[in-house]
>>> print(open('model17.txt').read())   # compact mmCIF, C-alpha atoms and all ligand atoms
# COMPACT_ATOMS: atom_id res chain seq x y z
CA MET A 1156 -14.54 19.76 11.69
CA PRO A 1157 -12.87 19.37 8.26
CA LYS A 1158 -10.88 16.23 7.66
CA VAL A 1159 -7.91 16.81 5.35
CA THR A 1160 -6.04 13.93 3.79
CA PHE A 1161 -2.66 14.61 2.22
CA ILE A 1162 -1.26 11.93 -0.07
CA ILE A 1163 2.52 12.15 0.04
CA ASP A 1164 4.61 9.64 -1.91
CA GLY A 1165 1.57 7.36 -2.00
CA GLN A 1166 1.08 7.46 1.77
CA GLU A 1167 -2.03 9.07 3.25
CA ARG A 1168 -1.88 11.37 6.27
CA THR A 1169 -5.19 12.63 7.58
CA VAL A 1170 -5.57 15.56 9.95
CA GLU A 1171 -8.55 17.44 11.32
CA PHE A 1172 -8.91 21.00 12.47
CA GLU A 1173 -11.69 23.11 13.92
CA HIS A 1174 -12.63 26.27 12.03
CA GLY A 1175 -11.36 29.35 13.81
CA LYS A 1176 -9.22 27.35 16.23
CA LEU A 1177 -5.95 26.99 14.29
CA GLU A 1178 -3.18 29.35 15.22
CA TYR A 1179 -2.49 31.33 12.04
CA SER A 1180 0.92 30.26 10.74
CA HIS A 1181 1.41 33.40 8.58
CA HIS A 1182 2.03 31.10 5.64
CA GLY A 1183 -0.68 31.40 3.00
CA LEU A 1184 -4.29 32.32 3.61
CA PRO A 1185 -5.78 31.37 6.99
CA GLU A 1186 -7.07 27.76 6.93
CA SER A 1187 -5.51 27.12 3.53
CA PHE A 1188 -3.73 23.82 2.91
CA LEU A 1189 -0.43 25.48 3.68
CA ASP A 1190 -1.68 27.00 6.93
CA VAL A 1191 -3.11 23.65 8.03
CA ALA A 1192 0.08 21.84 6.98
CA MET A 1193 2.30 24.26 8.90
CA ASN A 1194 0.15 23.88 12.01
CA LEU A 1195 -0.10 20.10 11.89
CA ASP A 1196 3.40 19.17 10.75
CA ILE A 1197 2.63 18.15 7.16
CA PRO A 1198 5.60 18.65 4.81
CA LEU A 1199 4.21 20.99 2.13
CA GLU A 1200 6.84 23.07 0.28
CA HIS A 1201 6.36 26.85 0.34
CA ALA A 1202 9.24 28.73 -1.22
CA CYS A 1203 7.53 32.14 -1.28
CA GLY A 1204 6.01 31.87 2.18
CA GLY A 1205 2.52 31.49 0.83
CA SER A 1206 2.23 34.73 -1.11
CA CYS A 1207 1.15 33.21 -4.45
CA ALA A 1208 4.54 33.87 -6.03
CA CYS A 1209 5.78 30.35 -6.78
CA THR A 1210 4.25 26.91 -7.34
CA THR A 1211 5.95 24.84 -4.67
CA CYS A 1212 2.71 24.43 -2.72
CA HIS A 1213 0.94 22.88 -5.74
CA VAL A 1214 -1.57 20.23 -4.70
CA ILE A 1215 -3.90 18.07 -6.78
CA VAL A 1216 -7.39 17.74 -5.35
CA ARG A 1217 -8.56 14.13 -5.46
CA LYS A 1218 -11.82 14.61 -3.52
CA GLY A 1219 -13.75 17.54 -2.12
CA MET A 1220 -13.10 20.32 -4.65
CA GLN A 1221 -16.53 21.71 -3.72
CA ASN A 1222 -15.25 22.18 -0.15
CA LEU A 1223 -12.62 24.74 -1.18
CA SER A 1224 -12.73 28.47 -1.75
CA GLY A 1225 -12.99 29.60 -5.35
CA MET A 1226 -9.87 30.28 -7.37
CA GLU A 1227 -8.86 33.93 -7.81
CA ASP A 1228 -7.14 35.21 -10.96
CA ASP A 1229 -3.71 35.56 -9.35
CA GLU A 1230 -3.78 31.91 -8.26
CA ALA A 1231 -4.85 30.81 -11.75
CA ASP A 1232 -2.08 32.87 -13.35
CA ARG A 1233 0.55 31.42 -11.03
CA LEU A 1234 -0.73 27.86 -11.44
CA ASP A 1235 -0.23 28.18 -15.19
CA THR A 1236 3.50 27.86 -14.49
CA ALA A 1237 3.20 24.71 -12.35
CA TRP A 1238 4.78 21.50 -13.49
CA ASP A 1239 2.24 18.70 -14.06
CA LEU A 1240 -0.74 21.07 -14.00
CA THR A 1241 -4.12 19.32 -13.93
CA THR A 1242 -7.72 20.52 -13.93
CA GLU A 1243 -7.78 19.58 -10.23
CA SER A 1244 -4.68 21.61 -9.34
CA ARG A 1245 -4.69 24.32 -6.67
CA LEU A 1246 -2.06 26.30 -4.83
CA GLY A 1247 -1.96 25.05 -1.28
CA CYS A 1248 -1.44 28.55 0.09
CA GLN A 1249 -4.48 30.01 -1.66
CA ALA A 1250 -7.16 27.30 -1.43
CA ILE A 1251 -9.11 27.69 1.81
CA ILE A 1252 -10.53 24.50 3.28
CA ARG A 1253 -14.21 24.53 4.18
CA GLY A 1254 -14.94 20.79 4.45
CA ASP A 1255 -13.49 17.32 3.94
CA VAL A 1256 -10.91 17.10 1.19
CA VAL A 1257 -8.24 14.76 -0.16
CA VAL A 1258 -5.20 16.18 -1.94
CA GLU A 1259 -2.08 14.71 -3.42
CA ILE A 1260 1.23 16.52 -3.28
CA PRO A 1261 2.85 16.05 -6.71
CA MET A 1262 6.12 14.17 -6.75
CA TYR A 1263 7.85 17.10 -8.40
CA THR A 1264 7.11 20.66 -7.50
CA ARG A 1265 8.90 23.68 -8.85
CA ASN A 1266 10.92 25.11 -6.02
CA TYR A 1267 12.81 28.03 -7.52
CA VAL A 1268 14.84 28.60 -4.40
CA GLN A 1269 16.10 25.04 -3.97
CA GLU A 1270 16.71 24.65 -7.70
CA GLY A 1271 18.72 27.86 -7.82
CA GLY A 1272 16.55 29.60 -10.37
CA GLY A 1273 15.62 32.60 -8.24
CA ILE A 1274 12.11 33.84 -7.66
CA GLN A 1275 10.89 36.43 -10.13
CA LEU A 1276 8.09 38.10 -8.22
CA GLY A 1277 5.39 39.64 -10.32
CA LYS A 1278 6.72 38.36 -13.62
CA SER A 1279 3.90 37.24 -15.86
CA SER A 1280 3.92 33.76 -17.32
CA ARG A 1281 1.41 34.68 -20.01
CA PRO A 1282 2.54 33.99 -23.58
CA GLY A 1283 3.67 37.18 -25.21
CA ALA A 1284 4.03 39.09 -21.94
CA ALA A 1285 7.80 38.67 -21.87
CA ALA A 1286 8.16 39.83 -25.47
CA ALA A 1287 5.95 42.85 -24.82
CA SER A 1288 8.04 43.93 -21.82
CA LYS A 1289 11.45 43.47 -23.49
CA SER A 1290 13.44 46.39 -24.73
CA PRO A 1291 13.78 46.53 -28.49
CA GLU A 1292 16.72 44.50 -29.68
CA VAL A 1293 19.68 46.42 -30.93
CA SER A 1294 21.28 45.10 -34.06
CA SER A 1295 24.94 45.73 -34.72
S1 LIG A 1301 3.92 28.90 -1.36
FE1 LIG A 1301 4.46 30.04 -3.12
S2 LIG A 1301 2.60 30.09 -4.21
FE2 LIG A 1301 2.05 28.95 -2.46
>>> encode(input="model17.txt", output="structure tokens")
Amino acid sequence: MPKVTFIIDGQERTVEFEHGKLEYSHHGLPESFLDVAMNLDIPLEHACGGSCACTTCHVIVRKGMQNLSGMEDDEADRLDTAWDLTTESRLGCQAIIRGDVVVEIPMYTRNYVQEGGGIQLGKSSRPGAAAASKSPEVSS
């Protein structure tokens, strides 16, 4: 039974769940941090509903990285846009928990909806991608 500790504003909250027994919250991948948080009343932001289209569910893994699913390319691409990115960063909606883990929820997360910036689904954050997709400038 995985034990998951969330560090929120310096305070630890530890929850446990049994594999295959959580009711799927339809937020993020089943048994991801976001799914566990939604089930067990942990306040983890999730502006895109857990579809890997924002960074509000950003968590920093303090212990137990080996107990998480591997990172897919779409998660890595999205994480590149996260504020305060670290080598221990994961998206809470994409990282599936397979054993004991401790994560910290960063003080600031980028919540496009609450900050009024609008979500730009599918827009690449890769350098040069925006320039390549722009229409040629028209000079007058
Ligand atoms: S909730 Fe948007 S990427 Fe995880």
>>> closest_residue(input="model17.txt", among="A:Ile1252, A:Leu1177, A:Ala1208, A:Val1159", to="ligand LIG 1301 (chain A)", atoms="all atoms listed in the file")
A:Ala1208
>>> residues_around(input="model17.txt", residues="A:Leu1246", least_positions_apart="5", cutoff="9 Å", atoms="only C-alpha atoms", output="mmCIF file with C-alpha atoms, in the frame of the given file")
data_model
loop_
_atom_site.group_PDB
_atom_site.id
_atom_site.type_symbol
_atom_site.label_atom_id
_atom_site.label_comp_id
_atom_site.auth_asym_id
_atom_site.auth_seq_id
_atom_site.Cartn_x
_atom_site.Cartn_y
_atom_site.Cartn_z
ATOM 1 C CA PHE A 1188 -3.730 23.820 2.910
ATOM 2 C CA LEU A 1189 -0.430 25.480 3.680
ATOM 3 C CA GLY A 1205 2.520 31.490 0.830
ATOM 4 C CA CYS A 1207 1.150 33.210 -4.450
ATOM 5 C CA THR A 1210 4.250 26.910 -7.340
ATOM 6 C CA THR A 1211 5.950 24.840 -4.670
ATOM 7 C CA CYS A 1212 2.710 24.430 -2.720
ATOM 8 C CA HIS A 1213 0.940 22.880 -5.740
ATOM 9 C CA VAL A 1214 -1.570 20.230 -4.700
ATOM 10 C CA ILE A 1215 -3.900 18.070 -6.780
ATOM 11 C CA GLU A 1230 -3.780 31.910 -8.260
ATOM 12 C CA ALA A 1231 -4.850 30.810 -11.750
ATOM 13 C CA ARG A 1233 0.550 31.420 -11.030
ATOM 14 C CA LEU A 1234 -0.730 27.860 -11.440
#
>>> closest_residue(input="model17.txt", among="A:Leu1240, A:Ala1250, A:Pro1185, A:Phe1172", to="A:Glu1227", atoms="only C-alpha atoms")
A:Ala1250
>>> atom_distance(input="model17.txt", atom1="atom CA of A:Gln1221", atom2="atom CA of A:Ile1162")
18.5 Å
>>> residues_around(input="model17.txt", residues="A:Asp1196", least_positions_apart="4", cutoff="12 Å", atoms="all atoms listed in the file", output="ChimeraX atom specification")
/A:1161,1168-1170,1180,1188-1192,1200
>>> decode(input="model17.txt", residues="stretch 1185-1264 of chain A", atoms="C-alpha atoms", output="short mmCIF file (atom, residue, chain, number, x, y, z; two decimals), in the first residue's frame")
data_model
loop_
_atom_site.label_atom_id
_atom_site.label_comp_id
_atom_site.auth_asym_id
_atom_site.auth_seq_id
_atom_site.Cartn_x
_atom_site.Cartn_y
_atom_site.Cartn_z
CA PRO A 1185 -5.29 6.52 -12.77
CA GLU A 1186 -3.27 6.42 -9.52
CA SER A 1187 -1.31 9.52 -10.49
CA PHE A 1188 -0.64 12.18 -7.85
CA LEU A 1189 -3.62 14.14 -9.11
CA ASP A 1190 -5.94 11.13 -9.01
CA VAL A 1191 -4.82 10.30 -5.47
CA ALA A 1192 -5.12 13.95 -4.41
CA MET A 1193 -8.64 14.25 -5.81
CA ASN A 1194 -9.71 11.06 -4.04
CA LEU A 1195 -8.14 11.91 -0.68
CA ASP A 1196 -8.86 15.63 -0.47
CA ILE A 1197 -5.35 16.97 -1.10
CA PRO A 1198 -5.35 20.45 -2.68
CA LEU A 1199 -3.38 19.95 -5.91
CA GLU A 1200 -4.15 22.49 -8.68
CA HIS A 1201 -5.26 21.06 -12.03
CA ALA A 1202 -6.30 23.73 -14.50
CA CYS A 1203 -6.53 21.42 -17.53
CA GLY A 1204 -8.24 18.56 -15.72
CA GLY A 1205 -5.18 16.38 -15.86
CA SER A 1206 -4.68 16.22 -19.61
CA CYS A 1207 -1.02 17.31 -19.67
CA ALA A 1208 -1.89 20.72 -21.07
CA CYS A 1209 -0.76 23.05 -18.27
CA THR A 1210 1.71 22.95 -15.39
CA THR A 1211 -0.51 23.65 -12.41
CA CYS A 1212 -0.09 20.10 -11.08
CA HIS A 1213 3.72 20.47 -10.95
CA VAL A 1214 5.23 18.57 -8.04
CA ILE A 1215 8.84 18.18 -6.94
CA VAL A 1216 9.77 14.67 -5.91
CA ARG A 1217 11.77 14.70 -2.67
CA LYS A 1218 11.90 10.91 -2.14
CA GLY A 1219 10.86 7.84 -4.10
CA MET A 1220 11.44 8.87 -7.73
CA GLN A 1221 12.12 5.18 -8.46
CA ASN A 1222 8.54 4.42 -7.36
CA LEU A 1223 6.99 6.45 -10.19
CA SER A 1224 6.17 5.64 -13.79
CA GLY A 1225 8.65 6.84 -16.38
CA MET A 1226 8.24 10.24 -17.97
CA GLU A 1227 6.74 10.34 -21.47
CA ASP A 1228 7.75 12.95 -24.06
CA ASP A 1229 4.53 14.96 -23.77
CA GLU A 1230 5.03 15.34 -20.02
CA ALA A 1231 8.66 16.41 -20.53
CA ASP A 1232 7.63 18.95 -23.17
CA ARG A 1233 4.94 20.42 -20.93
CA LEU A 1234 7.21 20.48 -17.88
CA ASP A 1235 9.68 22.62 -19.83
CA THR A 1236 7.22 25.49 -19.35
CA ALA A 1237 6.87 25.05 -15.58
CA TRP A 1238 8.01 27.77 -13.24
CA ASP A 1239 10.81 26.65 -10.90
CA LEU A 1240 11.55 23.50 -12.91
CA THR A 1241 13.96 21.09 -11.19
CA THR A 1242 15.50 17.75 -12.16
CA GLU A 1243 13.05 16.19 -9.69
CA SER A 1244 9.97 17.82 -11.22
CA ARG A 1245 6.99 15.82 -12.47
CA LEU A 1246 3.46 16.63 -13.53
CA GLY A 1247 1.14 15.34 -10.86
CA CYS A 1248 -1.41 14.20 -13.41
CA GLN A 1249 1.06 12.10 -15.39
CA ALA A 1250 3.30 10.46 -12.77
CA ILE A 1251 1.76 7.17 -11.64
CA ILE A 1252 2.55 6.13 -8.08
CA ARG A 1253 3.86 2.60 -7.60
CA GLY A 1254 5.36 2.85 -4.10
CA ASP A 1255 6.18 5.22 -1.25
CA VAL A 1256 6.95 8.76 -2.34
CA VAL A 1257 7.34 12.26 -0.93
CA VAL A 1258 6.54 15.28 -3.08
CA GLU A 1259 6.48 18.99 -2.51
CA ILE A 1260 3.93 21.22 -4.17
CA PRO A 1261 5.82 24.34 -5.31
CA MET A 1262 4.73 27.60 -3.74
CA TYR A 1263 4.01 29.06 -7.16
CA THR A 1264 2.48 27.07 -9.94
#
